[in-house]
file target_20.cif (mmCIF, C-alpha atoms and all ligand atoms)
data_target
#
loop_
_atom_site.label_atom_id
_atom_site.label_comp_id
_atom_site.auth_asym_id
_atom_site.auth_seq_id
_atom_site.Cartn_x
_atom_site.Cartn_y
_atom_site.Cartn_z
CA MET A 27 -7.18 16.53 -21.75
CA ILE A 28 -5.69 13.18 -20.95
CA ASN A 29 -6.20 10.33 -23.41
CA ARG A 30 -8.58 7.80 -21.81
CA ASP A 31 -8.01 5.02 -24.34
CA ARG A 32 -4.22 5.34 -24.35
CA LEU A 33 -4.24 5.18 -20.54
CA TRP A 34 -6.41 2.04 -20.60
CA GLN A 35 -4.29 0.44 -23.33
CA SER A 36 -1.15 1.01 -21.25
CA HIS A 37 -2.81 -0.79 -18.31
CA MET A 38 -3.76 -3.73 -20.50
CA GLU A 39 -0.21 -3.97 -21.92
CA MET A 40 1.36 -3.77 -18.45
CA ALA A 41 -1.11 -6.39 -17.13
CA LYS A 42 0.23 -8.94 -19.62
CA ILE A 43 3.46 -9.07 -17.62
CA GLY A 44 2.96 -11.75 -14.98
CA ALA A 45 -0.66 -12.31 -16.09
CA THR A 46 -2.39 -15.13 -14.20
CA PRO A 47 -4.98 -17.48 -15.75
CA ALA A 48 -7.75 -15.96 -13.61
CA GLY A 49 -7.17 -12.46 -15.00
CA GLY A 50 -4.89 -11.13 -12.30
CA VAL A 51 -1.19 -10.35 -12.11
CA CYS A 52 1.73 -11.92 -10.24
CA ARG A 53 4.73 -9.58 -10.31
CA LEU A 54 6.60 -10.13 -7.08
CA ALA A 55 9.19 -7.51 -6.18
CA LEU A 56 12.55 -8.08 -7.92
CA SER A 57 11.29 -11.12 -9.82
CA ASP A 58 11.80 -11.63 -13.56
CA GLU A 59 8.30 -10.21 -14.10
CA ASP A 60 9.16 -7.11 -12.06
CA LYS A 61 12.21 -6.60 -14.31
CA VAL A 62 10.14 -6.88 -17.50
CA SER A 63 7.54 -4.40 -16.19
CA ARG A 64 10.31 -1.94 -15.25
CA ASP A 65 11.89 -2.35 -18.69
CA LEU A 66 8.54 -1.63 -20.36
CA PHE A 67 7.95 1.45 -18.21
CA ILE A 68 11.42 2.80 -18.98
CA SER A 69 10.98 2.24 -22.73
CA TRP A 70 7.68 4.15 -22.60
CA ALA A 71 9.18 6.94 -20.49
CA ARG A 72 12.16 7.29 -22.87
CA GLU A 73 9.77 7.44 -25.85
CA ALA A 74 8.04 10.28 -23.99
CA GLY A 75 11.37 12.12 -23.79
CA CYS A 76 12.15 11.39 -20.14
CA THR A 77 15.60 10.85 -18.71
CA ILE A 78 15.98 7.91 -16.31
CA ARG A 79 17.68 7.74 -12.91
CA ILE A 80 17.80 4.63 -10.77
CA ASP A 81 18.84 4.75 -7.14
CA ARG A 82 20.65 2.17 -5.05
CA VAL A 83 17.48 0.38 -3.93
CA GLY A 84 16.06 0.30 -7.46
CA ASN A 85 13.60 3.21 -7.27
CA ILE A 86 13.21 4.55 -10.84
CA PHE A 87 12.76 8.27 -11.56
CA ALA A 88 11.77 9.24 -15.12
CA ARG A 89 12.15 13.00 -15.52
CA ARG A 90 10.37 15.37 -17.87
CA ALA A 91 12.51 18.51 -17.77
CA GLY A 92 11.09 21.80 -16.58
CA THR A 93 11.98 25.30 -17.75
CA ASP A 94 13.74 25.98 -14.44
CA PRO A 95 16.40 23.28 -14.04
CA SER A 96 17.22 24.51 -10.53
CA SER A 97 13.67 23.83 -9.28
CA PRO A 98 13.02 20.72 -7.19
CA PRO A 99 10.77 18.23 -9.04
CA VAL A 100 7.11 17.50 -8.61
CA ILE A 101 7.03 13.72 -8.23
CA THR A 102 4.16 11.37 -9.07
CA GLY A 103 4.02 7.60 -9.29
CA SER A 104 3.50 4.41 -7.33
CA HIS A 105 4.69 0.79 -7.71
CA LEU A 106 4.73 -2.01 -10.30
CA ASP A 107 5.19 -4.99 -7.97
CA THR A 108 2.06 -6.95 -6.95
CA GLN A 109 0.78 -9.52 -4.51
CA PRO A 110 1.16 -13.19 -5.55
CA LEU A 111 -2.51 -13.17 -6.59
CA GLY A 112 -2.70 -9.47 -7.32
CA GLY A 113 -4.74 -7.37 -9.71
CA ARG A 114 -4.06 -5.21 -12.77
CA PHE A 115 -4.43 -1.81 -11.12
CA ASP A 116 -2.94 -1.81 -7.60
CA GLY A 117 0.24 0.22 -8.04
CA ALA A 118 0.36 0.14 -11.84
CA TYR A 119 -2.36 2.81 -11.95
CA GLY A 120 -0.25 5.40 -10.13
CA VAL A 121 2.73 4.79 -12.43
CA LEU A 122 0.72 4.78 -15.65
CA ALA A 123 -1.30 7.84 -14.59
CA GLY A 124 2.02 9.66 -14.16
CA LEU A 125 3.11 8.51 -17.61
CA GLU A 126 -0.19 9.66 -19.12
CA VAL A 127 0.31 13.10 -17.53
CA VAL A 128 3.69 13.41 -19.26
CA ARG A 129 2.36 12.12 -22.59
CA THR A 130 -0.53 14.59 -22.44
CA LEU A 131 1.77 17.52 -21.69
CA ASN A 132 3.95 16.46 -24.62
CA ASP A 133 0.94 16.28 -26.97
CA ALA A 134 -0.09 19.80 -25.97
CA GLY A 135 3.47 21.15 -26.05
CA THR A 136 2.97 22.41 -22.51
CA GLU A 137 6.05 23.25 -20.50
CA THR A 138 6.16 23.40 -16.72
CA ARG A 139 8.52 25.37 -14.55
CA ALA A 140 9.55 22.50 -12.26
CA PRO A 141 10.61 19.16 -13.70
CA ILE A 142 8.15 16.28 -13.31
CA ASP A 143 9.50 12.93 -12.10
CA ILE A 144 7.47 9.75 -12.56
CA VAL A 145 8.60 7.39 -9.81
CA VAL A 146 8.41 3.60 -9.59
CA TRP A 147 9.03 2.65 -5.96
CA THR A 148 10.69 -0.70 -5.27
CA ASP A 149 8.83 -3.40 -3.34
CA GLU A 150 5.72 -1.63 -2.10
CA GLU A 151 3.80 -4.83 -1.42
CA GLY A 152 6.17 -6.35 1.12
CA CYS A 153 5.01 -9.90 0.50
CA ARG A 154 8.38 -11.27 -0.62
CA PHE A 155 11.00 -9.73 1.69
CA SER A 156 10.65 -8.38 5.21
CA SER A 157 8.38 -5.36 5.07
CA LYS A 158 6.18 -3.08 2.99
CA THR A 159 7.10 0.10 1.07
CA MET A 160 10.82 -0.67 1.20
CA GLY A 161 11.94 1.67 -1.59
CA SER A 162 10.04 4.69 -0.28
CA MET A 163 11.07 3.94 3.32
CA VAL A 164 14.77 4.05 2.40
CA PHE A 165 14.13 7.20 0.34
CA ALA A 166 12.47 8.82 3.36
CA GLY A 167 15.27 7.73 5.72
CA LYS A 168 12.90 5.56 7.75
CA ILE A 169 14.90 2.36 7.28
CA ASP A 170 18.56 1.67 6.63
CA GLU A 171 19.61 0.87 3.07
CA ASP A 172 21.88 -1.99 4.16
CA GLU A 173 19.10 -3.54 6.23
CA VAL A 174 16.85 -3.56 3.18
CA ARG A 175 19.55 -5.02 0.94
CA ALA A 176 20.14 -7.82 3.47
CA ALA A 177 16.44 -8.76 3.79
CA THR A 178 15.78 -12.27 2.49
CA ASP A 179 12.80 -13.99 0.90
CA PRO A 180 11.55 -17.45 2.02
CA ASP A 181 14.09 -19.09 -0.38
CA GLY A 182 16.95 -17.25 1.27
CA LYS A 183 17.55 -14.89 -1.67
CA SER A 184 18.49 -11.40 -0.55
CA PHE A 185 16.90 -8.15 -1.71
CA GLY A 186 20.36 -6.85 -2.71
CA ALA A 187 21.30 -9.92 -4.76
CA GLU A 188 17.92 -10.02 -6.50
CA LEU A 189 18.10 -6.29 -7.26
CA GLU A 190 21.49 -6.84 -8.91
CA ARG A 191 20.31 -9.96 -10.71
CA ILE A 192 17.50 -8.06 -12.46
CA GLY A 193 19.84 -5.17 -13.28
CA TYR A 194 18.18 -2.49 -11.16
CA ALA A 195 20.81 -1.77 -8.53
CA GLY A 196 21.30 1.84 -9.58
CA SER A 197 24.13 4.19 -8.75
CA GLU A 198 22.17 7.21 -7.46
CA ALA A 199 21.96 7.92 -3.75
CA CYS A 200 18.52 7.06 -2.40
CA GLY A 201 16.71 10.28 -1.50
CA GLY A 202 18.32 13.35 -0.02
CA PHE A 203 17.02 15.86 -2.55
CA PRO A 204 14.19 18.37 -2.13
CA ILE A 205 10.75 17.66 -3.60
CA LYS A 206 8.31 20.41 -4.53
CA ALA A 207 5.23 18.18 -4.15
CA TYR A 208 4.32 14.49 -4.35
CA PHE A 209 1.03 13.09 -5.69
CA GLU A 210 0.10 9.42 -5.97
CA ASN A 211 -2.93 7.98 -7.77
CA HIS A 212 -4.26 4.63 -6.58
CA ILE A 213 -7.39 2.52 -6.73
CA GLU A 214 -9.32 2.93 -3.48
CA GLN A 215 -9.07 -0.77 -2.46
CA GLY A 216 -12.29 -0.24 -0.52
CA PRO A 217 -15.96 0.13 -1.51
CA LEU A 218 -16.90 3.71 -0.54
CA LEU A 219 -16.39 5.64 -3.80
CA GLU A 220 -18.23 3.01 -5.83
CA GLN A 221 -21.09 2.91 -3.32
CA GLU A 222 -21.44 6.69 -3.53
CA GLY A 223 -21.05 6.70 -7.33
CA ILE A 224 -18.17 9.20 -7.11
CA PRO A 225 -15.17 8.79 -9.44
CA VAL A 226 -12.50 10.69 -7.49
CA GLY A 227 -11.51 10.65 -3.85
CA ALA A 228 -9.41 13.42 -2.31
CA VAL A 229 -7.43 11.40 0.22
CA VAL A 230 -7.28 13.30 3.48
CA GLY A 231 -4.99 10.87 5.26
CA ALA A 232 -4.26 7.26 6.03
CA GLN A 233 -5.24 5.23 9.03
CA GLY A 234 -2.86 4.45 11.84
CA GLN A 235 -2.09 0.80 12.43
CA ARG A 236 -1.17 -1.17 15.54
CA CYS A 237 -0.31 -4.86 15.22
CA PHE A 238 0.16 -7.45 17.94
CA LEU A 239 1.26 -11.03 18.48
CA VAL A 240 -0.72 -12.78 21.21
CA THR A 241 0.62 -15.96 22.83
CA VAL A 242 -1.90 -17.98 24.80
CA THR A 243 -0.47 -20.73 26.97
CA GLY A 244 -2.48 -23.71 28.23
CA GLU A 245 -1.56 -27.34 28.78
CA GLU A 246 -1.36 -30.19 26.29
CA GLY A 247 -3.54 -33.15 27.14
CA HIS A 248 -5.17 -36.24 25.67
CA ALA A 249 -8.33 -35.32 23.77
CA GLY A 250 -10.01 -38.49 25.01
CA THR A 251 -9.14 -38.47 28.68
CA VAL A 252 -8.93 -34.94 30.12
CA PRO A 253 -12.43 -34.05 31.42
CA MET A 254 -13.95 -30.93 29.89
CA ASP A 255 -13.92 -28.98 33.15
CA GLN A 256 -10.22 -29.65 33.76
CA ARG A 257 -8.77 -28.48 30.47
CA LYS A 258 -6.45 -25.59 29.72
CA ASP A 259 -7.23 -25.34 26.03
CA SER A 260 -5.19 -22.52 24.50
CA PHE A 261 -7.01 -22.65 21.15
CA LEU A 262 -10.44 -22.37 22.78
CA GLY A 263 -9.14 -19.34 24.68
CA ALA A 264 -7.79 -17.81 21.47
CA ALA A 265 -11.12 -18.40 19.72
CA ARG A 266 -12.99 -16.57 22.49
CA MET A 267 -10.40 -13.77 22.32
CA ALA A 268 -10.89 -13.41 18.55
CA ASP A 269 -14.59 -12.92 19.17
CA ALA A 270 -13.92 -10.44 22.00
CA ILE A 271 -11.54 -8.43 19.77
CA ASN A 272 -14.25 -8.15 17.14
CA ARG A 273 -16.75 -6.98 19.80
CA ALA A 274 -14.24 -4.46 21.17
CA ALA A 275 -14.07 -2.77 17.76
CA PHE A 276 -17.86 -2.42 17.69
CA GLN A 277 -17.76 -0.38 20.93
CA PHE A 278 -16.66 2.55 18.74
CA ASP A 279 -18.73 4.41 16.17
CA PRO A 280 -17.72 4.08 13.41
CA PRO A 281 -15.85 0.92 14.40
CA PRO A 282 -12.10 0.67 13.78
CA VAL A 283 -11.02 -2.43 11.86
CA ALA A 284 -9.53 -5.26 13.93
CA THR A 285 -8.51 -8.52 12.32
CA VAL A 286 -7.31 -11.88 13.65
CA ALA A 287 -6.15 -13.78 10.58
CA HIS A 288 -2.97 -15.73 11.32
CA VAL A 289 -3.11 -18.48 13.94
CA ARG A 290 -0.53 -21.09 14.96
CA VAL A 291 -1.67 -23.92 17.22
CA ARG A 292 0.77 -26.20 19.02
CA PRO A 293 1.06 -29.13 18.64
CA ASN A 294 -1.65 -28.83 15.95
CA SER A 295 -2.69 -32.45 16.43
CA ARG A 296 -6.35 -33.43 16.19
CA ASN A 297 -6.30 -35.51 19.36
CA THR A 298 -4.15 -33.35 21.61
CA ILE A 299 -5.59 -30.37 23.49
CA SER A 300 -3.60 -27.38 22.27
CA GLY A 301 -0.95 -26.21 24.74
CA GLU A 302 -0.02 -23.00 22.98
CA THR A 303 -1.79 -20.80 20.46
CA VAL A 304 -0.21 -17.74 18.87
CA PHE A 305 -2.28 -15.31 16.83
CA THR A 306 -1.96 -11.89 15.22
CA ILE A 307 -4.11 -8.78 15.63
CA ASP A 308 -4.08 -6.05 12.97
CA SER A 309 -5.99 -2.95 14.11
CA ARG A 310 -6.40 0.31 12.17
CA TYR A 311 -8.16 3.66 12.59
CA PRO A 312 -7.56 7.26 11.46
CA ASP A 313 -7.59 8.56 15.06
CA ALA A 314 -4.51 7.70 17.14
CA ASP A 315 -6.26 8.13 20.52
CA LYS A 316 -9.14 5.85 19.59
CA LEU A 317 -6.68 3.29 18.27
CA LEU A 318 -4.97 3.30 21.65
CA GLN A 319 -8.33 2.96 23.42
CA LEU A 320 -9.10 -0.01 21.18
CA GLU A 321 -5.77 -1.58 22.12
CA GLU A 322 -6.63 -1.21 25.81
CA ALA A 323 -10.13 -2.65 25.29
CA MET A 324 -8.81 -5.63 23.29
CA SER A 325 -6.04 -6.29 25.75
CA ALA A 326 -8.38 -6.14 28.78
CA ALA A 327 -10.88 -8.47 27.11
CA CYS A 328 -8.19 -11.03 26.21
CA LYS A 329 -6.68 -10.95 29.71
CA GLU A 330 -10.09 -11.47 31.30
CA ILE A 331 -10.72 -14.53 29.13
CA ALA A 332 -7.27 -15.92 29.95
CA ASP A 333 -7.85 -15.40 33.71
CA ASN A 334 -11.26 -17.07 33.62
CA MET A 335 -9.86 -20.07 31.75
CA GLY A 336 -6.62 -20.43 33.74
CA LEU A 337 -4.50 -19.66 30.67
CA GLY A 338 -1.28 -17.68 30.38
CA ILE A 339 -1.25 -14.73 28.02
CA GLU A 340 1.40 -12.46 26.55
CA ILE A 341 0.59 -9.62 24.16
CA ALA A 342 3.50 -8.19 22.18
CA ARG A 343 3.21 -5.12 19.98
CA THR A 344 4.81 -5.96 16.62
CA SER A 345 4.36 -2.71 14.73
CA ILE A 346 2.94 0.76 15.08
CA ALA A 347 2.29 3.19 12.25
CA ALA A 348 0.94 6.60 13.22
CA PRO A 349 -2.02 7.94 11.25
CA VAL A 350 -0.94 10.17 8.35
CA GLN A 351 -2.54 13.50 7.49
CA PHE A 352 -1.78 14.58 3.95
CA ASN A 353 -0.82 18.19 3.23
CA ALA A 354 -3.92 20.40 3.46
CA GLY A 355 -2.87 22.38 0.38
CA CYS A 356 -2.42 19.20 -1.68
CA VAL A 357 -5.78 17.77 -0.56
CA ASP A 358 -7.48 21.03 -1.42
CA ALA A 359 -5.73 21.17 -4.81
CA VAL A 360 -7.30 17.78 -5.62
CA ARG A 361 -10.76 18.99 -4.57
CA ARG A 362 -10.43 22.21 -6.59
CA ALA A 363 -9.10 20.43 -9.70
CA ALA A 364 -12.01 17.99 -9.63
CA GLU A 365 -14.53 20.78 -9.19
CA ALA A 366 -13.04 22.82 -12.04
CA ARG A 367 -13.47 19.80 -14.33
CA ASP A 368 -16.99 19.00 -13.03
CA ILE A 369 -15.73 15.66 -11.75
CA PRO A 370 -17.61 14.58 -8.58
CA CYS A 371 -15.15 14.22 -5.70
CA MET A 372 -15.38 13.36 -2.01
CA ASP A 373 -12.93 13.23 0.89
CA VAL A 374 -11.78 9.73 1.83
CA TYR A 375 -9.31 8.09 4.20
CA SER A 376 -6.93 5.42 3.02
CA GLY A 377 -7.42 2.10 4.77
CA ALA A 378 -4.16 0.76 3.36
CA GLY A 379 -0.61 2.05 3.69
CA HIS A 380 1.00 3.54 0.58
CA ASP A 381 4.36 4.91 -0.53
CA ALA A 382 2.76 8.37 -0.23
CA CYS A 383 2.47 7.83 3.55
CA LYS A 384 6.28 7.56 3.75
CA ILE A 385 6.87 10.63 1.56
CA ALA A 386 4.36 12.74 3.53
CA ASP A 387 7.06 13.65 6.09
CA LEU A 388 9.44 14.86 3.37
CA ALA A 389 7.30 16.92 1.03
CA PRO A 390 3.79 18.32 0.54
CA THR A 391 1.95 15.11 -0.36
CA GLY A 392 -1.49 14.19 -1.64
CA MET A 393 -3.25 11.12 -3.03
CA ILE A 394 -6.04 10.67 -5.54
CA PHE A 395 -8.26 7.58 -5.33
CA VAL A 396 -10.55 6.12 -7.97
CA PRO A 397 -13.18 3.42 -7.35
CA CYS A 398 -12.47 -0.25 -7.88
CA GLU A 399 -15.22 -2.78 -8.48
CA ARG A 400 -16.87 -3.82 -5.18
CA GLY A 401 -13.79 -2.48 -3.42
CA ILE A 402 -11.91 -5.67 -4.24
CA SER A 403 -8.10 -5.51 -4.28
CA HIS A 404 -5.17 -7.83 -3.51
CA ASN A 405 -7.26 -10.18 -5.64
CA GLU A 406 -7.06 -11.34 -9.26
CA ALA A 407 -10.61 -10.04 -9.79
CA GLU A 408 -9.54 -6.43 -9.06
CA ASN A 409 -11.18 -4.15 -11.63
CA ALA A 410 -11.64 -0.46 -12.46
CA THR A 411 -13.29 1.39 -15.35
CA PRO A 412 -11.48 3.31 -18.10
CA ASP A 413 -13.63 6.36 -17.29
CA ASP A 414 -12.77 6.41 -13.58
CA LEU A 415 -9.06 5.85 -14.23
CA ALA A 416 -9.17 8.73 -16.71
CA ALA A 417 -11.04 11.05 -14.32
CA GLY A 418 -8.43 10.49 -11.60
CA THR A 419 -5.62 11.03 -14.09
CA GLN A 420 -7.17 14.28 -15.35
CA VAL A 421 -7.21 15.57 -11.77
CA LEU A 422 -3.61 14.41 -11.37
CA LEU A 423 -2.56 16.30 -14.49
CA ASP A 424 -4.12 19.50 -13.18
CA VAL A 425 -2.63 19.31 -9.68
CA VAL A 426 0.82 18.35 -10.99
CA VAL A 427 0.89 21.27 -13.43
CA GLU A 428 -0.35 23.68 -10.75
CA ALA A 429 2.32 22.51 -8.32
CA ALA A 430 5.06 22.55 -10.96
CA ASN A 431 4.26 26.15 -11.95
CA ALA A 432 3.82 27.46 -8.40
CA ASP A 433 6.46 29.77 -6.89
ZN ZN B 1 -0.57 -0.39 -4.06
#
call {"tool": "encode", "arguments": {"input": "target_20.cif", "output": "structure tokens", "more": "lines below"}}
Ligand SMILES: [Zn+2]
result
Amino acid sequence: MINRDRLWQSHMEMAKIGATPAGGVCRLALSDEDKVSRDLFISWAREAGCTIRIDRVGNIFARRAGTDPSSPPVITGSHLDTQPLGGRFDGAYGVLAGLEVVRTLNDAGTETRAPIDIVVWTDEEGCRFSSKTMGSMVFAGKIDEDEVRAATDPDGKSFGAELERIGYAGSEACGGFPIKAYFENHIEQGPLLEQEGIPVGAVVGAQGQRCFLVTVTGEEGHAGTVPMDQRKDSFLGAARMADAINRAAFQFDPPPVATVAHVRVRPNSRNTISGETVFTIDSRYPDADKLLQLEEAMSAACKEIADNMGLGIEIARTSIAAPVQFNAGCVDAVRRAAEARDIPCMDVYSGAGHDACKIADLAPTGMIFVPCERGISHNEAENATPDDLAAGTQVLLDVVVEAANAD
């Protein structure tokens, strides 16, 4: 059995690094705080008898040896970096759950056939450099290592230079070795498990995502002199489009999520009618076809508004991520492990992207969710209970051992 209090204590210790006054955590990727959290993890992993490897983009692998050194590892873990106003559990839970699995196996003197690697992926959050899940993307061959090293933050500091500065530019090649199975624990970051009163979610897959940049072009004019019926107000058009995008999502049941949250208005002057407004759309759904239908519905609605108002419109697709289905065997292993321990479990989809989504193409992959209070995440108020964290970690222990001992 995993040790609930030790697991909780590890979270509280880790949460001191980059602690914010409001009870959250700020540990931006490759910052001084990120370095201290990595150092702490490595000291704990070494105490637990693990050997440490660090690859060229700073991903850390802490290995508990198996009885068959030729076997590919079972890998479990997540990330230690956070949002600027992040919480204590997003990412850290997956890493510390992996550590607790190793500590529990040590306590019981249990050996496994395959080695177990606890991984800390570099820069999952993507809020400092150019994109999310950078470490796992390089590992999975989805993005070039040099491109990641060259990415800069708003102060012009590069990923590569910052990685070297904190001492985590490792010597190992990034990826390229077989993996027996990959499991990642994470807080749900949504409200469903808590609402249902269920401590463990077997994550079936992750939503697809399609993002757009919409440029609406009107004509600047004097706010006092251009009559209302002769205006080409790009912001007014954008506002109507935002409403239409929201309505388009509600044409589906259940509705996909569609969000307009970043808007730039030019010239952004209170007494000039806006000549150009640029806004983002972030849309997500587990079903790729429906997501495409939503794109068509949103695009048609925006174009109709632009036509009616005499505005120009350009819609550019900025990113597409296909929906991910996790390995059926891994998902079922989570369900079975929960049932065997009498831990209530339900199937869930991940609304957010995770490192596991990148690894899913490489190896049999599964995720285990636990509830977080009111579904709040990417927020200093993020919270989870010691019991739920422990329940998810118990299930992780069982699926990792099963995978490590399988033929
Ligand atoms: Zn996370």
call {"tool": "closest_residue", "arguments": {"input": "target_20.cif", "among": "A:Glu210, A:Asp133, A:Glu330, A:Asp255", "to": "ligand ZN 1 (chain B)", "atoms": "all atoms listed in the file"}}
result
A:Glu210
call {"tool": "residues_near_ligand", "arguments": {"input": "target_20.cif", "ligand": "ligand ZN 1 (chain B)", "cutoff": "9 Å", "atoms": "all atoms listed in the file", "output": "list of chain:residue names"}}
result
A:Ser104, A:His105, A:Leu106, A:Asp107, A:Thr108, A:Phe115, A:Asp116, A:Gly117, A:Ala118, A:Tyr119, A:Gly120, A:Glu150, A:Glu151, A:His212, A:Ile213, A:Gln215, A:Ala378, A:Gly379, A:His380, A:Asp381, A:His404
call {"tool": "atom_distance", "arguments": {"input": "target_20.cif", "atom1": "CA of Gly75 in chain A", "atom2": "CA of Arg32 in chain A"}}
result
17.0 Å
call {"tool": "closest_atom_pairs", "arguments": {"input": "target_20.cif", "of": "range 52-91 of chain A", "to": "range 180-191 of chain A", "cutoff": "8 Å", "atoms": "all atoms listed in the file", "output": "Markdown table"}}
result
| residue | atom | partner | partner_atom | distance |
| --- | --- | --- | --- | --- |
| A:Leu56 | CA | A:Leu189 | CA | 5.9 |
| A:Ser57 | CA | A:Glu188 | CA | 7.5 |
| A:Val83 | CA | A:Leu189 | CA | 7.5 |
| A:Gly84 | CA | A:Leu189 | CA | 6.9 |
call {"tool": "closest_residue", "arguments": {"input": "target_20.cif", "among": "A:Val62, A:Met27, A:Val252, A:Ile144", "to": "Val421 in chain A", "atoms": "all atoms listed in the file"}}
result
A:Met27
call {"tool": "atom_distance", "arguments": {"input": "target_20.cif", "atom1": "CA of Gly227 in chain A", "atom2": "CA of Tyr208 in chain A"}}
result
16.3 Å
call {"tool": "residues_near_point", "arguments": {"input": "target_20.cif", "point": "(1.5, 14.1, 2.1)", "cutoff": "12 Å", "atoms": "all atoms listed in the file", "output": "number ranges by chain"}}
result
A: 101-102, 205-210, 228-232, 349-358, 380-394
call {"tool": "closest_residue", "arguments": {"input": "target_20.cif", "among": "A:Ala199, A:Leu423, A:Cys52, A:Met160", "to": "Arg175 in chain A", "atoms": "all atoms listed in the file"}}
result
A:Met160
call {"tool": "closest_residue", "arguments": {"input": "target_20.cif", "among": "A:Gln235, A:Ser36, A:Ser260, A:Asn297", "to": "Pro312 in chain A", "atoms": "all atoms listed in the file"}}
result
A:Gln235
call {"tool": "atom_distance", "arguments": {"input": "target_20.cif", "atom1": "CA of Gly244 in chain A", "atom2": "CA of Ser345 in chain A"}}
result
25.9 Å
call {"tool": "residues_around", "arguments": {"input": "target_20.cif", "residues": "Met335 in chain A", "least_positions_apart": "5", "cutoff": "12 Å", "atoms": "all atoms listed in the file", "output": "PyMOL selection string"}}
result
chain A and resi 242-245+254-264+266-267+328-330
call {"tool": "closest_residue", "arguments": {"input": "target_20.cif", "among": "A:Gln420, A:Thr303, A:Asn334, A:Thr411", "to": "Val240 in chain A", "atoms": "all atoms listed in the file"}}
result
A:Thr303
call {"tool": "closest_residue", "arguments": {"input": "target_20.cif", "among": "A:Gly250, A:Gly112, A:Gly202, A:Gly50", "to": "Arg296 in chain A", "atoms": "all atoms listed in the file"}}
result
A:Gly250
call {"tool": "residues_around", "arguments": {"input": "target_20.cif", "residues": "Pro217 in chain A", "least_positions_apart": "2", "cutoff": "9 Å", "atoms": "only C-alpha atoms", "output": "PyMOL selection string"}}
result
chain A and resi 214-215+219-222+397-402
call {"tool": "decode", "arguments": {"input": "target_20.cif", "residues": "range 125-146 of chain A", "atoms": "C-alpha atoms", "output": "PDB file, in the first residue's frame"}}
result
ATOM      1  CA  LEU A 125       8.292   8.685  -6.591  1.00  0.00           C
ATOM      2  CA  GLU A 126       5.786   7.275  -4.096  1.00  0.00           C
ATOM      3  CA  VAL A 127       5.418   4.144  -6.256  1.00  0.00           C
ATOM      4  CA  VAL A 128       9.189   3.583  -6.082  1.00  0.00           C
ATOM      5  CA  ARG A 129       9.347   4.291  -2.345  1.00  0.00           C
ATOM      6  CA  THR A 130       6.490   1.858  -1.710  1.00  0.00           C
ATOM      7  CA  LEU A 131       8.139  -0.890  -3.762  1.00  0.00           C
ATOM      8  CA  ASN A 132      11.357  -0.305  -1.806  1.00  0.00           C
ATOM      9  CA  ASP A 133       9.528  -0.547   1.537  1.00  0.00           C
ATOM     10  CA  ALA A 134       7.979  -3.860   0.503  1.00  0.00           C
ATOM     11  CA  GLY A 135      11.202  -5.170  -1.046  1.00  0.00           C
ATOM     12  CA  THR A 136       9.281  -5.839  -4.254  1.00  0.00           C
ATOM     13  CA  GLU A 137      11.268  -6.311  -7.423  1.00  0.00           C
ATOM     14  CA  THR A 138       9.879  -5.832 -10.905  1.00  0.00           C
ATOM     15  CA  ARG A 139      11.072  -7.400 -14.108  1.00  0.00           C
ATOM     16  CA  ALA A 140      11.288  -4.182 -16.147  1.00  0.00           C
ATOM     17  CA  PRO A 141      13.014  -1.115 -14.753  1.00  0.00           C
ATOM     18  CA  ILE A 142      10.777   1.769 -13.680  1.00  0.00           C
ATOM     19  CA  ASP A 143      11.731   5.284 -14.793  1.00  0.00           C
ATOM     20  CA  ILE A 144      10.235   8.327 -13.080  1.00  0.00           C
ATOM     21  CA  VAL A 145      10.328  11.116 -15.651  1.00  0.00           C
ATOM     22  CA  VAL A 146      10.288  14.892 -15.196  1.00  0.00           C
TER      23      VAL A 146
END
